[in-house]
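Source file: input39.cif (mmCIF, C-alpha atoms)
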data_data
loop_
_atom_site.label_atom_id
_atom_site.label_comp_id
_atom_site.auth_asym_id
_atom_site.auth_seq_id
_atom_site.Cartn_x
_atom_site.Cartn_y
_atom_site.Cartn_z
CA MET Z 1 -22.41 11.59 -9.54
CA ARG Z 2 -21.05 13.96 -6.86
CA ILE Z 3 -17.48 13.57 -5.67
CA VAL Z 4 -15.93 15.47 -2.74
CA ILE Z 5 -12.14 15.83 -2.62
CA ALA Z 6 -10.23 16.70 0.55
CA GLY Z 7 -7.13 18.76 -0.19
CA GLY Z 8 -8.92 20.26 -3.16
CA HIS Z 9 -6.17 22.74 -4.02
CA GLY Z 10 -3.41 20.13 -4.17
CA GLN Z 11 -1.59 19.43 -7.41
CA ILE Z 12 -3.10 15.97 -7.89
CA ALA Z 13 -6.53 17.12 -6.71
CA ARG Z 14 -6.76 19.95 -9.23
CA ARG Z 15 -5.82 17.60 -12.05
CA LEU Z 16 -8.46 15.14 -10.84
CA GLU Z 17 -11.09 17.87 -10.54
CA ARG Z 18 -10.49 18.93 -14.12
CA LEU Z 19 -10.69 15.33 -15.36
CA LEU Z 20 -13.90 14.57 -13.46
CA ALA Z 21 -15.57 17.83 -14.48
CA THR Z 22 -14.74 17.05 -18.13
CA ARG Z 23 -16.45 13.68 -17.69
CA GLY Z 24 -19.58 15.40 -16.43
CA TYR Z 25 -19.25 14.76 -12.70
CA GLU Z 26 -20.27 17.24 -10.02
CA VAL Z 27 -17.06 17.89 -8.09
CA ALA Z 28 -16.43 19.72 -4.82
CA GLY Z 29 -12.98 20.41 -3.37
CA ILE Z 30 -12.31 21.18 0.28
CA ILE Z 31 -9.85 24.07 0.69
CA ARG Z 32 -8.38 25.93 3.68
CA ARG Z 33 -8.07 29.41 2.16
CA GLU Z 34 -10.73 31.38 0.35
CA GLU Z 35 -8.27 32.73 -2.23
CA GLN Z 36 -7.78 29.17 -3.52
CA GLY Z 37 -11.40 29.08 -4.69
CA ASP Z 38 -10.81 30.61 -8.13
CA ASP Z 39 -8.33 27.86 -9.02
CA LEU Z 40 -10.97 25.24 -8.24
CA ARG Z 41 -13.66 27.05 -10.21
CA GLU Z 42 -11.26 27.22 -13.16
CA ALA Z 43 -10.85 23.44 -12.87
CA GLY Z 44 -14.62 22.99 -12.87
CA ALA Z 45 -15.01 22.25 -9.16
CA GLU Z 46 -17.06 23.85 -6.39
CA PRO Z 47 -14.80 25.18 -3.60
CA VAL Z 48 -15.77 24.24 -0.03
CA LEU Z 49 -14.04 26.31 2.66
CA LEU Z 50 -13.22 24.06 5.62
CA ASP Z 51 -10.12 23.45 7.77
CA LEU Z 52 -9.74 19.71 8.32
CA GLU Z 53 -7.31 20.35 11.19
CA SER Z 54 -9.98 22.06 13.28
CA ALA Z 55 -13.33 20.86 11.88
CA THR Z 56 -15.53 18.33 13.66
CA VAL Z 57 -16.75 15.07 12.18
CA GLU Z 58 -20.25 16.55 12.01
CA GLU Z 59 -19.05 19.62 10.09
CA VAL Z 60 -17.19 17.50 7.52
CA ALA Z 61 -20.07 15.02 7.24
CA ALA Z 62 -22.43 17.89 6.42
CA HIS Z 63 -20.37 18.63 3.29
CA LEU Z 64 -20.33 14.95 2.35
CA GLN Z 65 -24.09 14.51 2.51
CA GLY Z 66 -25.42 13.27 -0.82
CA ALA Z 67 -21.96 12.53 -2.26
CA ASP Z 68 -21.39 9.33 -4.21
CA ALA Z 69 -17.68 9.17 -3.42
CA ALA Z 70 -14.99 10.89 -1.35
CA VAL Z 71 -11.30 11.25 -2.16
CA PHE Z 72 -8.66 12.09 0.46
CA ALA Z 73 -5.90 13.92 -1.39
CA ALA Z 74 -4.81 16.32 1.37
CA GLY Z 75 -1.27 16.56 2.69
CA ALA Z 76 0.74 18.75 5.01
CA GLY Z 77 3.24 19.42 2.21
CA PRO Z 78 7.03 19.07 1.96
CA GLY Z 79 7.76 22.21 3.97
CA SER Z 80 5.78 21.19 7.05
CA GLY Z 81 7.10 19.84 10.33
CA ALA Z 82 6.47 16.55 12.11
CA ALA Z 83 3.46 17.89 14.03
CA ARG Z 84 1.48 18.59 10.86
CA LYS Z 85 2.26 15.15 9.47
CA ASP Z 86 0.25 13.90 12.43
CA THR Z 87 -2.57 16.46 12.21
CA VAL Z 88 -2.99 16.40 8.40
CA ASP Z 89 -1.53 13.26 6.86
CA LYS Z 90 -2.98 11.13 9.67
CA GLY Z 91 -5.51 13.17 11.63
CA ALA Z 92 -7.34 14.77 8.70
CA ALA Z 93 -7.47 11.43 6.87
CA VAL Z 94 -9.04 9.74 9.89
CA LEU Z 95 -11.50 12.62 10.31
CA PHE Z 96 -12.49 12.52 6.63
CA ALA Z 97 -13.02 8.76 6.78
CA ASP Z 98 -15.14 9.04 9.92
CA ALA Z 99 -17.17 11.81 8.28
CA ALA Z 100 -17.73 9.65 5.20
CA VAL Z 101 -19.07 6.88 7.43
CA ARG Z 102 -21.29 9.39 9.22
CA ALA Z 103 -22.62 10.71 5.88
CA ARG Z 104 -23.01 7.15 4.53
CA VAL Z 105 -20.66 7.74 1.62
CA ARG Z 106 -19.30 4.26 0.96
CA ARG Z 107 -16.85 4.83 -1.91
CA PHE Z 108 -13.64 6.23 -0.45
CA LEU Z 109 -10.28 6.74 -2.16
CA VAL Z 110 -7.03 7.64 -0.41
CA VAL Z 111 -3.98 9.14 -2.08
CA SER Z 112 -1.27 7.63 0.08
CA SER Z 113 2.46 7.22 -0.55
CA MET Z 114 4.85 4.50 -1.62
CA GLY Z 115 6.41 3.12 1.56
CA ALA Z 116 3.57 4.16 3.88
CA ASP Z 117 3.75 1.87 6.92
CA PRO Z 118 2.47 2.35 10.49
CA ARG Z 119 5.56 0.44 11.69
CA HIS Z 120 8.04 2.55 9.71
CA GLU Z 121 10.99 3.45 11.90
CA GLY Z 122 13.02 6.65 12.13
CA ASP Z 123 12.72 10.22 13.37
CA GLU Z 124 13.42 12.24 10.23
CA ILE Z 125 10.50 14.24 8.80
CA PHE Z 126 10.00 11.81 5.92
CA ASP Z 127 10.01 8.88 8.38
CA VAL Z 128 7.28 10.57 10.39
CA TYR Z 129 5.37 11.22 7.16
CA LEU Z 130 5.49 7.58 6.02
CA ARG Z 131 4.43 6.43 9.49
CA ALA Z 132 1.52 8.91 9.58
CA LYS Z 133 0.34 7.88 6.11
CA GLY Z 134 0.63 4.23 7.10
CA GLU Z 135 -1.39 4.77 10.27
CA ALA Z 136 -4.08 6.59 8.29
CA ASP Z 137 -4.19 3.81 5.70
CA ALA Z 138 -4.52 1.17 8.41
CA TYR Z 139 -7.38 3.07 10.00
CA VAL Z 140 -9.29 3.30 6.71
CA GLN Z 141 -8.62 -0.36 5.95
CA GLY Z 142 -10.33 -1.23 9.22
CA LEU Z 143 -13.60 0.53 8.38
CA ASP Z 144 -16.16 -1.98 7.08
CA ALA Z 145 -18.58 0.86 6.31
CA LEU Z 146 -16.31 2.12 3.51
CA ASP Z 147 -15.62 0.65 0.07
CA TRP Z 148 -12.07 1.96 0.18
CA THR Z 149 -9.22 1.88 -2.30
CA ILE Z 150 -5.77 3.10 -1.27
CA LEU Z 151 -3.41 4.33 -3.98
CA ARG Z 152 0.29 4.62 -3.21
CA PRO Z 153 2.13 6.48 -6.00
CA GLY Z 154 5.88 6.46 -6.40
CA SER Z 155 7.98 9.62 -6.74
CA LEU Z 156 5.71 12.34 -8.13
CA THR Z 157 6.83 14.37 -11.13
CA ASP Z 158 5.36 17.29 -13.06
CA GLU Z 159 6.18 15.77 -16.44
CA ALA Z 160 3.28 15.38 -18.85
CA GLY Z 161 1.35 12.20 -18.27
CA THR Z 162 1.84 9.34 -20.71
CA GLY Z 163 -1.31 7.41 -19.81
CA LEU Z 164 0.91 4.36 -19.38
CA VAL Z 165 1.38 2.97 -15.88
CA ARG Z 166 2.20 -0.01 -13.72
CA LEU Z 167 -0.53 -0.56 -11.11
CA GLU Z 168 -0.15 -3.55 -8.80
CA ALA Z 169 -0.18 -4.52 -5.13
CA HIS Z 170 3.62 -4.17 -5.22
CA THR Z 171 5.40 -2.41 -8.06
CA GLY Z 172 8.71 -1.44 -6.54
CA ARG Z 173 9.82 2.17 -6.46
CA GLY Z 174 9.78 4.50 -9.44
CA PRO Z 175 8.54 7.87 -10.70
CA VAL Z 176 5.05 8.71 -11.92
CA PRO Z 177 3.65 11.98 -13.31
CA ARG Z 178 0.90 13.63 -11.29
CA ASP Z 179 -1.18 13.64 -14.48
CA ASP Z 180 -1.17 9.85 -14.49
CA VAL Z 181 -1.98 9.63 -10.77
CA ALA Z 182 -5.08 11.76 -11.39
CA ALA Z 183 -6.04 9.63 -14.39
CA VAL Z 184 -5.78 6.45 -12.31
CA LEU Z 185 -7.87 7.99 -9.52
CA ALA Z 186 -10.60 8.94 -12.00
CA GLU Z 187 -10.61 5.40 -13.37
CA LEU Z 188 -10.70 3.89 -9.87
CA LEU Z 189 -13.76 5.99 -9.06
CA GLU Z 190 -15.50 4.44 -12.05
CA THR Z 191 -14.42 0.91 -11.09
CA PRO Z 192 -16.17 -0.15 -7.85
CA ALA Z 193 -14.60 -3.61 -8.09
CA THR Z 194 -11.31 -2.08 -6.91
CA ALA Z 195 -12.76 -1.63 -3.40
CA GLY Z 196 -10.64 -3.28 -0.73
CA LEU Z 197 -7.39 -2.95 -2.70
CA THR Z 198 -4.19 -1.21 -1.68
CA LEU Z 199 -2.25 -0.45 -4.86
CA GLU Z 200 1.15 0.91 -5.77
CA LEU Z 201 1.56 3.05 -8.88
CA VAL Z 202 4.55 3.95 -11.05
CA SER Z 203 5.04 4.71 -14.71
CA GLY Z 204 4.86 1.66 -16.92
CA SER Z 205 3.64 0.32 -20.24
CA THR Z 206 -0.05 -0.42 -19.59
CA PRO Z 207 -2.82 2.06 -20.49
CA VAL Z 208 -4.53 3.43 -17.37
CA ALA Z 209 -7.96 1.94 -18.12
CA VAL Z 210 -6.47 -1.48 -18.84
CA ALA Z 211 -4.33 -1.39 -15.68
CA VAL Z 212 -7.34 -0.56 -13.49
CA LYS Z 213 -9.51 -3.24 -15.10
CA SER Z 214 -6.70 -5.73 -14.57
CA VAL Z 215 -6.41 -5.15 -10.82
CA ALA Z 216 -10.21 -5.22 -10.58
CA GLY Z 217 -10.19 -8.69 -12.09
CA ASN Z 218 -11.97 -7.65 -15.29
#
Spit out the file's structure as structure tokens when you get a sec.
Amino acid sequence: MRIVIAGGHGQIARRLERLLATRGYEVAGIIRREEQGDDLREAGAEPVLLDLESATVEEVAAHLQGADAAVFAAGAGPGSGAARKDTVDKGAAVLFADAAVRARVRRFLVVSSMGADPRHEGDEIFDVYLRAKGEADAYVQGLDALDWTILRPGSLTDEAGTGLVRLEAHTGRGPVPRDDVAAVLAELLETPATAGLTLELVSGSTPVAVAVKSVAGN
């Protein structure tokens, strides 16, 4: 199984790459800078050099050809301005989804954010971010050609993962280690019955595999 991850050098993406490679998957991560490649190779992933802010749908689709699943884990980052929230958090997500459709990659995961809402109001940077993520989510949700799952984690931490989470349509706010976000993403990829679900994720008391099976109705 080949999985292509947008935002391949991100903190969640690198954890996911390592997990998937350990499970025997063929993993490729899209990166913007060549010097990031060694980190991906160390995680067991193939680096793909491509700028999602300037690439065409055809260029992205070419890298998705033959993939079994695509994961959008890119983000403009906390230090970026409002303009890049629109070009990365929204624009790159839309581009990646369109490319997946073009390449006929049905399974599509999005790492979104708690509170993402296309109708979110406000002009602060974080308001713009939540609105951009919400608009991207809404776009993906409208694509019948994708078996999408949208994951909206709470406040991300670098604490060691516990493997215990709360995963539901609505969890309420709370923290969650990036380790556990990656673990949930890996489990979602192996659970096609979660297609069509938008899920919130925080730390909890349920083992990751059990939580994913529960929302899948298994």
Closest atom pairs, residues of stretch 105-140 of chain Z within 9 Å of stretch 177-192 of chain Z, all atoms listed in the file, as JSON lines:
{"residue": "Z:Arg107", "atom": "CA", "partner": "Z:Pro192", "partner_atom": "CA", "distance": 7.8}
{"residue": "Z:Phe108", "atom": "CA", "partner": "Z:Leu189", "partner_atom": "CA", "distance": 8.6}
{"residue": "Z:Leu109", "atom": "CA", "partner": "Z:Leu189", "partner_atom": "CA", "distance": 7.8}
{"residue": "Z:Val111", "atom": "CA", "partner": "Z:Leu185", "partner_atom": "CA", "distance": 8.5}
Could the residues in this selection be saved with C-alpha atoms as a PDB file, in the coordinates of the input?
ATOM      1  CA  ARG Z 107     -16.850   4.830  -1.910  1.00  0.00           C
ATOM      2  CA  PHE Z 108     -13.640   6.230  -0.450  1.00  0.00           C
ATOM      3  CA  LEU Z 109     -10.280   6.740  -2.160  1.00  0.00           C
ATOM      4  CA  VAL Z 111      -3.980   9.140  -2.080  1.00  0.00           C
TER       5      VAL Z 111
END
Practice prompt. Write out as a PyMOL selection string the residues lying within 12 Å of Z:Asp39, counting only C-alpha atoms and excluding same-chain residues fewer than 5 positions away.
Written response: chain Z and resi 8-11+13-15+17-18+29+31+33-34+44-47
Determine, counting only C-alpha atoms, which protein, DNA and RNA residues have an atom within 12 Å of an atom of Z:Ser80; residues of the same chain fewer than 3 positions away are not included. Present the result as an mmCIF file with C-alpha atoms, in the coordinates of the input.
data_model
loop_
_atom_site.group_PDB
_atom_site.id
_atom_site.type_symbol
_atom_site.label_atom_id
_atom_site.label_comp_id
_atom_site.auth_asym_id
_atom_site.auth_seq_id
_atom_site.Cartn_x
_atom_site.Cartn_y
_atom_site.Cartn_z
ATOM 1 C CA GLY Z 75 -1.270 16.560 2.690
ATOM 2 C CA ALA Z 76 0.740 18.750 5.010
ATOM 3 C CA GLY Z 77 3.240 19.420 2.210
ATOM 4 C CA ALA Z 83 3.460 17.890 14.030
ATOM 5 C CA ARG Z 84 1.480 18.590 10.860
ATOM 6 C CA LYS Z 85 2.260 15.150 9.470
ATOM 7 C CA ASP Z 86 0.250 13.900 12.430
ATOM 8 C CA THR Z 87 -2.570 16.460 12.210
ATOM 9 C CA VAL Z 88 -2.990 16.400 8.400
ATOM 10 C CA ASP Z 89 -1.530 13.260 6.860
ATOM 11 C CA ILE Z 125 10.500 14.240 8.800
ATOM 12 C CA PHE Z 126 10.000 11.810 5.920
ATOM 13 C CA VAL Z 128 7.280 10.570 10.390
ATOM 14 C CA TYR Z 129 5.370 11.220 7.160
#
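If you look at atom CA of Z:Ala160 and atom CA of Z:Met114, they are 20.4 Å away from each other.
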Discussion item. As a ChimeraX atom specification, please: the residues near Z:His170 (cut-off 10 Å, only C-alpha atoms, same-chain neighbours under 3 positions excluded).
Written reply: /Z:114,152,166-167,173,198-201
Worksheet entry | Test item: residues at most 10 Å from Z:Ala55, all atoms listed in the file, excluding those fewer than 4 positions along its chain, as a list in words | Leu50, Asp51, Glu59, Val60, Ala92, Leu95 and Phe96 of chain Z
